[in-house]
>>> print(open('my_file-v7.txt').read())   # compact mmCIF, C-alpha atoms and all ligand atoms
# COMPACT_ATOMS: atom_id res chain seq x y z
CA MET Q 1 -104.49 193.29 12.56
CA VAL Q 2 -106.11 192.41 9.23
CA THR Q 3 -109.70 193.60 8.84
CA ILE Q 4 -112.44 192.01 6.80
CA ASN Q 5 -112.65 195.26 4.81
CA ALA Q 6 -109.04 194.87 3.65
CA ILE Q 7 -109.93 191.38 2.39
CA ARG Q 8 -113.02 192.67 0.59
CA LYS Q 9 -111.21 195.61 -0.98
CA PRO Q 10 -110.22 194.17 -4.42
CA ILE Q 11 -113.78 192.97 -5.04
CA GLU Q 12 -115.68 195.67 -3.17
CA THR Q 13 -117.89 196.71 -6.09
CA GLU Q 14 -118.64 193.12 -7.01
CA LEU Q 15 -119.63 192.33 -3.42
CA GLU Q 16 -122.10 195.20 -3.42
CA GLU Q 17 -123.58 193.92 -6.65
CA PHE Q 18 -123.66 190.48 -5.07
CA ASP Q 19 -125.76 191.72 -2.15
CA ALA Q 20 -128.29 193.20 -4.55
CA PHE Q 21 -128.24 189.97 -6.60
CA VAL Q 22 -129.05 187.87 -3.52
CA ARG Q 23 -131.83 190.22 -2.45
CA ARG Q 24 -133.38 190.10 -5.94
CA ASN Q 25 -133.36 186.31 -5.85
CA PHE Q 26 -134.46 185.84 -2.25
CA SER Q 27 -137.36 188.18 -1.77
CA ALA Q 28 -141.08 187.70 -1.40
CA ASP Q 29 -143.89 190.22 -1.81
CA GLU Q 30 -145.49 190.05 1.60
CA GLY Q 31 -146.35 187.99 4.64
CA LEU Q 32 -144.25 185.82 6.91
CA VAL Q 33 -141.92 184.55 4.17
CA ALA Q 34 -141.03 188.12 3.17
CA GLU Q 35 -140.49 189.14 6.78
CA MET Q 36 -138.32 186.13 7.59
CA LEU Q 37 -136.20 186.45 4.43
CA GLU Q 38 -135.61 190.14 5.13
CA TYR Q 39 -134.49 189.30 8.68
CA VAL Q 40 -132.21 186.51 7.55
CA LEU Q 41 -130.57 188.55 4.75
CA SER Q 42 -130.02 191.59 6.94
CA SER Q 43 -128.02 189.55 9.45
CA ARG Q 44 -125.91 187.53 7.05
CA GLY Q 45 -122.63 188.06 8.87
CA LYS Q 46 -119.18 188.48 7.38
CA GLY Q 47 -119.93 186.65 4.15
CA ILE Q 48 -116.63 184.75 4.16
CA ARG Q 49 -117.90 182.14 1.70
CA PRO Q 50 -118.97 184.53 -1.09
CA ILE Q 51 -115.72 186.46 -0.57
CA VAL Q 52 -113.77 183.23 -1.05
CA VAL Q 53 -115.80 182.28 -4.17
CA MET Q 54 -115.19 185.68 -5.76
CA LEU Q 55 -111.53 186.08 -4.83
CA SER Q 56 -110.89 182.57 -6.16
CA ALA Q 57 -112.79 183.44 -9.36
CA ALA Q 58 -110.72 186.63 -9.76
CA MET Q 59 -107.41 184.91 -9.00
CA ASN Q 60 -108.14 182.10 -11.47
CA SER Q 61 -109.61 184.33 -14.19
CA ASP Q 62 -107.61 184.86 -17.36
CA ARG Q 63 -109.47 188.13 -17.94
CA ASP Q 64 -107.45 190.39 -15.65
CA GLY Q 65 -109.31 189.39 -12.50
CA ARG Q 66 -112.73 189.86 -14.03
CA PHE Q 67 -115.55 187.37 -13.57
CA GLY Q 68 -119.19 187.19 -14.56
CA LYS Q 69 -122.62 185.98 -13.62
CA ARG Q 70 -121.59 182.35 -13.11
CA SER Q 71 -119.40 183.42 -10.21
CA TYR Q 72 -122.22 185.43 -8.63
CA LEU Q 73 -124.53 182.46 -8.95
CA ALA Q 74 -121.93 180.14 -7.40
CA ALA Q 75 -121.38 182.56 -4.50
CA MET Q 76 -125.11 182.79 -3.86
CA LEU Q 77 -125.69 179.03 -3.93
CA VAL Q 78 -122.90 178.49 -1.41
CA GLU Q 79 -123.91 181.35 0.86
CA MET Q 80 -127.56 180.36 1.02
CA ILE Q 81 -126.70 176.73 1.84
CA HIS Q 82 -124.65 178.16 4.70
CA VAL Q 83 -127.50 180.44 5.80
CA ALA Q 84 -130.00 177.56 5.79
CA SER Q 85 -127.62 175.32 7.72
CA LEU Q 86 -127.23 177.90 10.51
CA ILE Q 87 -131.01 178.34 10.79
CA HIS Q 88 -131.36 174.59 11.23
CA ASP Q 89 -128.34 174.44 13.51
CA ASP Q 90 -129.91 176.94 15.91
CA VAL Q 91 -133.06 174.83 16.03
CA ILE Q 92 -131.04 171.70 16.80
CA ASP Q 93 -128.92 173.49 19.43
CA GLU Q 94 -131.98 175.33 20.82
CA SER Q 95 -129.92 178.48 20.52
CA ASP Q 96 -131.65 181.83 21.10
CA MET Q 97 -128.98 184.06 19.68
CA ARG Q 98 -127.05 184.40 16.44
CA ARG Q 99 -124.73 187.30 15.64
CA GLY Q 100 -126.00 189.34 18.55
CA ARG Q 101 -129.64 189.08 17.45
CA ALA Q 102 -132.47 186.72 18.24
CA SER Q 103 -132.08 183.49 16.24
CA VAL Q 104 -134.84 182.71 13.72
CA ASN Q 105 -136.22 179.99 16.02
CA ALA Q 106 -136.25 182.35 18.99
CA ARG Q 107 -138.16 184.93 16.99
CA TRP Q 108 -140.57 182.73 14.99
CA GLN Q 109 -140.40 179.36 16.79
CA SER Q 110 -138.58 176.25 15.71
CA SER Q 111 -141.40 174.98 13.51
CA ASN Q 112 -141.19 178.06 11.28
CA ALA Q 113 -137.40 178.14 11.39
CA VAL Q 114 -137.19 174.58 10.03
CA VAL Q 115 -139.52 175.44 7.18
CA ILE Q 116 -137.79 178.68 6.17
CA GLY Q 117 -134.48 176.77 6.13
CA ASP Q 118 -136.05 174.19 3.80
CA TYR Q 119 -137.59 176.98 1.73
CA ILE Q 120 -134.19 178.64 1.23
CA LEU Q 121 -132.62 175.33 0.16
CA ALA Q 122 -135.50 174.61 -2.22
CA ARG Q 123 -135.40 178.07 -3.75
CA ASN Q 124 -131.61 177.82 -4.09
CA MET Q 125 -131.99 174.57 -6.01
CA ASP Q 126 -134.68 176.07 -8.24
CA ILE Q 127 -132.55 179.14 -9.07
CA GLY Q 128 -129.51 176.95 -9.75
CA LEU Q 129 -131.34 174.56 -12.06
CA SER Q 130 -133.23 177.33 -13.88
CA SER Q 131 -129.90 179.03 -14.65
CA GLY Q 132 -128.81 175.99 -16.67
CA GLN Q 133 -125.31 176.16 -15.10
CA TYR Q 134 -125.43 172.48 -14.20
CA ASP Q 135 -121.70 172.09 -13.57
CA ILE Q 136 -121.87 174.72 -10.84
CA VAL Q 137 -125.06 173.35 -9.31
CA SER Q 138 -123.73 169.80 -9.14
CA HIS Q 139 -120.38 170.97 -7.73
CA VAL Q 140 -122.10 172.85 -4.92
CA ILE Q 141 -125.09 170.67 -4.13
CA LYS Q 142 -123.08 167.70 -2.83
CA SER Q 143 -122.03 169.79 0.15
CA ILE Q 144 -125.54 169.73 1.66
CA ALA Q 145 -125.30 166.00 2.38
CA THR Q 146 -121.79 166.46 3.78
CA LEU Q 147 -123.01 169.19 6.18
CA CYS Q 148 -125.81 166.91 7.35
CA GLU Q 149 -123.36 164.04 7.92
CA GLY Q 150 -121.12 166.34 9.98
CA GLU Q 151 -124.04 167.47 12.10
CA LEU Q 152 -125.23 163.89 12.71
CA ILE Q 153 -121.77 162.61 13.65
CA GLN Q 154 -121.34 165.57 15.99
CA ASN Q 155 -124.69 164.98 17.69
CA ASP Q 156 -124.05 161.27 18.04
CA HIS Q 157 -120.71 161.81 19.78
CA ALA Q 158 -122.04 164.68 21.91
CA THR Q 159 -124.62 162.25 23.27
CA LYS Q 160 -121.98 159.60 23.98
CA LEU Q 161 -119.38 162.12 25.26
CA ASP Q 162 -116.68 160.29 23.29
CA THR Q 163 -115.38 162.67 20.60
CA SER Q 164 -111.79 161.65 19.83
CA ARG Q 165 -109.23 163.70 17.89
CA ASP Q 166 -109.98 161.76 14.67
CA THR Q 167 -113.72 162.16 15.11
CA TYR Q 168 -113.29 165.88 15.80
CA PHE Q 169 -111.32 166.40 12.57
CA ASP Q 170 -113.89 164.39 10.65
CA ILE Q 171 -116.72 166.52 12.09
CA ILE Q 172 -115.14 169.89 11.38
CA HIS Q 173 -114.08 168.78 7.93
CA LYS Q 174 -117.67 167.89 7.12
CA LYS Q 175 -119.48 170.73 8.86
CA THR Q 176 -117.17 173.62 7.93
CA ALA Q 177 -114.13 172.79 5.78
CA SER Q 178 -116.12 171.04 3.05
CA LEU Q 179 -118.23 174.11 2.23
CA LEU Q 180 -115.20 176.41 2.24
CA GLY Q 181 -113.44 173.92 -0.06
CA VAL Q 182 -116.46 174.03 -2.34
CA SER Q 183 -116.48 177.86 -2.18
CA ALA Q 184 -112.87 178.19 -3.28
CA SER Q 185 -113.09 175.47 -5.94
CA VAL Q 186 -116.41 176.59 -7.42
CA GLY Q 187 -114.94 180.09 -7.78
CA ALA Q 188 -112.24 178.62 -10.01
CA LEU Q 189 -114.76 176.41 -11.84
CA SER Q 190 -117.01 179.41 -12.51
CA VAL Q 191 -114.28 181.11 -14.58
CA GLY Q 192 -113.35 177.96 -16.49
CA ALA Q 193 -110.10 177.14 -14.65
CA ALA Q 194 -108.28 173.85 -15.37
CA HIS Q 195 -108.99 170.75 -13.23
CA ASP Q 196 -105.70 170.98 -11.34
CA ARG Q 197 -106.48 174.60 -10.35
CA ILE Q 198 -109.97 173.63 -9.18
CA ALA Q 199 -108.45 170.82 -7.07
CA ALA Q 200 -105.78 173.16 -5.67
CA MET Q 201 -108.42 175.70 -4.67
CA ARG Q 202 -110.45 173.00 -2.94
CA LYS Q 203 -107.36 172.12 -0.92
CA PHE Q 204 -106.90 175.79 -0.06
CA GLY Q 205 -110.53 176.27 1.03
CA GLU Q 206 -110.62 173.09 3.10
CA ALA Q 207 -107.44 174.06 4.95
CA VAL Q 208 -108.81 177.54 5.65
CA GLY Q 209 -112.08 175.94 6.78
CA MET Q 210 -110.35 173.59 9.23
CA ALA Q 211 -108.44 176.57 10.67
CA PHE Q 212 -111.61 178.67 10.76
CA GLN Q 213 -113.53 176.08 12.78
CA ILE Q 214 -110.63 175.46 15.17
CA ARG Q 215 -110.49 179.23 15.80
CA ASP Q 216 -114.27 179.22 16.34
CA ASP Q 217 -113.89 176.45 18.90
CA ILE Q 218 -111.08 178.35 20.63
CA LEU Q 219 -113.21 181.50 20.76
CA ASP Q 220 -115.96 179.53 22.44
CA TYR Q 221 -113.56 179.07 25.39
CA THR Q 222 -111.85 182.43 25.44
CA CYS Q 223 -114.61 184.76 24.64
CA SER Q 224 -116.52 187.45 25.05
CA ALA Q 225 -119.47 189.38 23.82
CA ALA Q 226 -117.63 189.95 20.52
CA THR Q 227 -118.83 186.76 18.81
CA GLY Q 228 -122.50 187.54 19.37
CA LYS Q 229 -122.90 184.05 20.82
CA PRO Q 230 -122.88 183.06 24.48
CA SER Q 231 -119.52 181.68 25.63
CA ASN Q 232 -118.88 178.04 26.56
CA ASN Q 233 -121.78 177.11 24.37
CA ASP Q 234 -119.93 174.03 23.13
CA LEU Q 235 -119.55 172.68 26.68
CA ARG Q 236 -123.22 173.35 27.37
CA GLU Q 237 -123.97 171.32 24.23
CA ARG Q 238 -121.56 168.55 25.38
CA LYS Q 239 -119.29 169.18 22.41
CA ILE Q 240 -115.69 168.10 22.90
CA THR Q 241 -113.56 170.39 20.72
CA LEU Q 242 -109.81 170.64 20.11
CA PRO Q 243 -108.76 172.65 23.22
CA LEU Q 244 -110.35 169.98 25.43
CA ILE Q 245 -109.11 167.07 23.30
CA GLU Q 246 -105.56 168.36 23.87
CA VAL Q 247 -106.22 168.13 27.62
CA LEU Q 248 -107.91 164.71 27.51
CA GLU Q 249 -104.90 163.31 25.66
CA ARG Q 250 -102.55 164.53 28.41
CA VAL Q 251 -104.31 163.69 31.67
CA GLY Q 252 -104.39 160.36 33.48
CA GLU Q 253 -107.42 158.06 33.48
CA GLY Q 254 -108.83 159.38 36.80
CA ARG Q 255 -108.78 163.02 35.74
CA ARG Q 256 -110.13 162.10 32.35
CA ARG Q 257 -113.13 160.40 34.01
CA GLU Q 258 -113.74 163.49 36.16
CA ILE Q 259 -113.70 165.76 33.12
CA ILE Q 260 -116.08 163.55 31.14
CA ASP Q 261 -118.44 163.32 34.13
CA ALA Q 262 -118.35 167.11 34.48
CA LEU Q 263 -119.06 167.47 30.75
CA GLY Q 264 -122.23 165.45 31.23
CA ARG Q 265 -123.43 168.10 33.71
CA CYS Q 266 -122.41 171.21 31.73
CA SER Q 267 -125.86 171.82 30.25
CA HIS Q 268 -127.21 172.77 33.69
CA ASP Q 269 -124.23 173.30 36.01
CA GLU Q 270 -121.91 176.33 35.85
CA ALA Q 271 -119.42 174.78 38.30
CA SER Q 272 -118.80 171.90 35.88
CA ILE Q 273 -118.14 174.37 33.07
CA GLU Q 274 -115.67 176.17 35.30
CA PHE Q 275 -113.98 172.89 36.24
CA ILE Q 276 -113.38 172.07 32.58
CA THR Q 277 -112.25 175.56 31.53
CA ARG Q 278 -109.75 175.51 34.40
CA ALA Q 279 -108.35 172.18 33.15
CA VAL Q 280 -108.07 173.62 29.63
CA GLY Q 281 -106.12 176.55 31.07
CA GLU Q 282 -103.88 174.31 33.16
CA TYR Q 283 -102.86 172.11 30.22
CA ASP Q 284 -102.51 174.91 27.65
CA GLY Q 285 -105.35 173.54 25.52
CA ILE Q 286 -105.88 176.86 23.76
CA ALA Q 287 -102.24 177.36 22.73
CA LEU Q 288 -102.00 173.75 21.52
CA ALA Q 289 -105.16 174.10 19.44
CA GLN Q 290 -103.87 177.37 18.04
CA GLN Q 291 -100.71 175.53 16.85
CA THR Q 292 -102.80 173.01 14.91
CA MET Q 293 -104.83 175.85 13.43
CA LYS Q 294 -101.61 177.50 12.23
CA SER Q 295 -100.44 174.33 10.51
CA TYR Q 296 -103.67 174.29 8.47
CA LEU Q 297 -103.09 177.92 7.51
CA GLN Q 298 -99.58 177.00 6.32
CA MET Q 299 -101.16 174.40 4.02
CA ALA Q 300 -103.55 177.03 2.68
CA LEU Q 301 -100.73 179.52 2.06
CA ALA Q 302 -98.68 176.87 0.24
CA VAL Q 303 -101.47 176.65 -2.37
CA LEU Q 304 -101.52 180.43 -2.79
CA TYR Q 305 -97.76 180.47 -3.43
CA GLU Q 306 -98.43 178.44 -6.60
CA TYR Q 307 -100.11 181.56 -8.01
CA PRO Q 308 -98.45 184.74 -9.27
CA ASP Q 309 -98.75 187.83 -7.11
CA SER Q 310 -102.02 189.76 -7.50
CA PRO Q 311 -104.37 191.82 -5.30
CA TYR Q 312 -106.65 188.75 -5.15
CA ARG Q 313 -103.90 186.45 -3.94
CA GLU Q 314 -102.91 189.05 -1.37
CA ALA Q 315 -106.49 189.30 -0.15
CA LEU Q 316 -106.65 185.51 0.28
CA MET Q 317 -103.36 185.63 2.19
CA ASN Q 318 -104.88 188.31 4.38
CA LEU Q 319 -107.86 186.02 4.92
CA CYS Q 320 -105.46 183.41 6.36
CA ALA Q 321 -104.04 186.01 8.76
CA TYR Q 322 -107.55 187.13 9.65
CA VAL Q 323 -108.66 183.59 10.49
CA ALA Q 324 -105.72 183.22 12.88
CA GLU Q 325 -106.32 186.52 14.67
CA ARG Q 326 -110.08 186.94 14.60
CA GLU Q 327 -111.92 187.60 17.82
CA ARG Q 328 -115.41 187.15 16.44
C1 LIG Q 401 -122.55 175.56 12.98
O1 LIG Q 401 -121.70 174.90 13.83
C2 LIG Q 401 -123.20 174.58 12.07
C3 LIG Q 401 -122.74 174.15 10.88
C4 LIG Q 401 -121.46 174.67 10.33
C5 LIG Q 401 -123.45 173.15 10.01
C6 LIG Q 401 -124.83 172.75 10.47
C7 LIG Q 401 -125.44 171.73 9.56
C8 LIG Q 401 -126.69 171.28 9.68
C9 LIG Q 401 -127.62 171.78 10.72
C10 LIG Q 401 -127.17 170.26 8.72
C11 LIG Q 401 -128.28 170.78 7.86
C12 LIG Q 401 -127.74 171.45 6.69
C13 LIG Q 401 -128.47 172.20 5.82
C14 LIG Q 401 -127.83 172.73 4.58
C15 LIG Q 401 -129.90 172.52 6.05
P1 LIG Q 401 -121.60 175.24 15.37
O2 LIG Q 401 -122.85 174.82 16.08
O3 LIG Q 401 -120.32 174.70 15.85
O4 LIG Q 401 -121.45 176.81 15.31
P2 LIG Q 401 -122.25 177.93 16.05
O5 LIG Q 401 -121.55 178.09 17.35
O6 LIG Q 401 -122.08 179.13 15.16
O7 LIG Q 401 -123.66 177.51 16.18
MG MG Q 402 -124.52 175.77 16.82
>>> encode(input="my_file-v7.txt", output="structure tokens")
Amino acid sequence: MVTINAIRKPIETELEEFDAFVRRNFSADEGLVAEMLEYVLSSRGKGIRPIVVMLSAAMNSDRDGRFGKRSYLAAMLVEMIHVASLIHDDVIDESDMRRGRASVNARWQSSNAVVIGDYILARNMDIGLSSGQYDIVSHVIKSIATLCEGELIQNDHATKLDTSRDTYFDIIHKKTASLLGVSASVGALSVGAAHDRIAAMRKFGEAVGMAFQIRDDILDYTCSAATGKPSNNDLRERKITLPLIEVLERVGEGRRREIIDALGRCSHDEASIEFITRAVGEYDGIALAQQTMKSYLQMALAVLYEYPDSPYREALMNLCAYVAERER
């Protein structure tokens, strides 16, 4: 079983410096802003995106794996967009918990959570523009609109209970894969890699991101306290994800109708949740979704094989294994 520490290993020192760099940039002297920023930064999670930015920077560097301030800046811009998006996401989903702790909205109310999310995005933009590294800022900033599109498409289809396979892939590409694609490609851009390398790294990151979100959606069915989120959250939010899509594509019209009707009741009825999870079990929805996830990881690995062996490439390969196996 690959651990996140094994993936971090070749850039361990840099990641520690990165934490300090983020704290220097996102602090306030006192009051509510200071308190909220401290809370948000101390529960940042695994930091997959900055790890991807930095490993990509190291793997694409022609200075023996070394990279400089541009890469740190890129990692911070990406990570703080991600942080802001989760704060807003918990408001939209009315979710009380994130990573085993109270969500920002649960602790400070939705009104304050919305504003601190905006504040983080605004401050991010200010730091980016003040740095003068316009290529990095413009590469990263586009992803905000993509995340918003993903969220809106998801909400629209959750209301209509009609998420198809194509719609699902479009949603997860926009809400998760796009930012991981940006993470991997901006890492390469930050060390001056050639255009074809930047494009290859985007392909790598997007494939990892698709796999990552599919695994997340699987964990929502299978899990457990380990994720720090309540289980079957997606059903409660009327989200049709890949394990259920696999089932809907296999059942007859009558059963399909029953499942969709049950989905409409999931927000307030445990029996409906159980009805759907039983159908997912019966039709092997989890195993089928896992197969699709693996095919994305194969695409990601194919990009890595274009690179010579290095500790950074190995760490990114380990990341692929980690995504497939992770339980949280
Ligand atoms: C988590 O998904 C949510 C996202 C990956 C993106 C959310 C995007 C927005 C709210 C748009 C606004 C964007 C910005 C930058 C302010 P999930 O709900 O499937 O995962 P979860 O179970 O962890 O909540
Ligand atoms: Mg959510």
>>> residues_near_ligand(input="my_file-v7.txt", ligand="ligand MG 402 (chain Q)", cutoff="6 Å", atoms="all atoms listed in the file", output="number ranges by chain")
Q: 89-90, 93
>>> residues_near_ligand(input="my_file-v7.txt", ligand="ligand LIG 401 (chain Q)", cutoff="6 Å", atoms="only C-alpha atoms and all ligand atoms", output="JSON, numbers by chain")
{"Q": [81, 84, 85, 86, 88, 89, 144, 147, 148, 151, 175, 176]}
>>> atom_distance(input="my_file-v7.txt", atom1="CA of Gln154 (chain Q)", atom2="CA of Ile92 (chain Q)")
11.5 Å
>>> atom_distance(input="my_file-v7.txt", atom1="CA of Phe18 (chain Q)", atom2="CA of Gly150 (chain Q)")
28.6 Å
>>> closest_residue(input="my_file-v7.txt", among="Q:Leu73, Q:Leu55, Q:Val280, Q:Ile245", to="Asn25 (chain Q)", atoms="all atoms listed in the file")
Q:Leu73
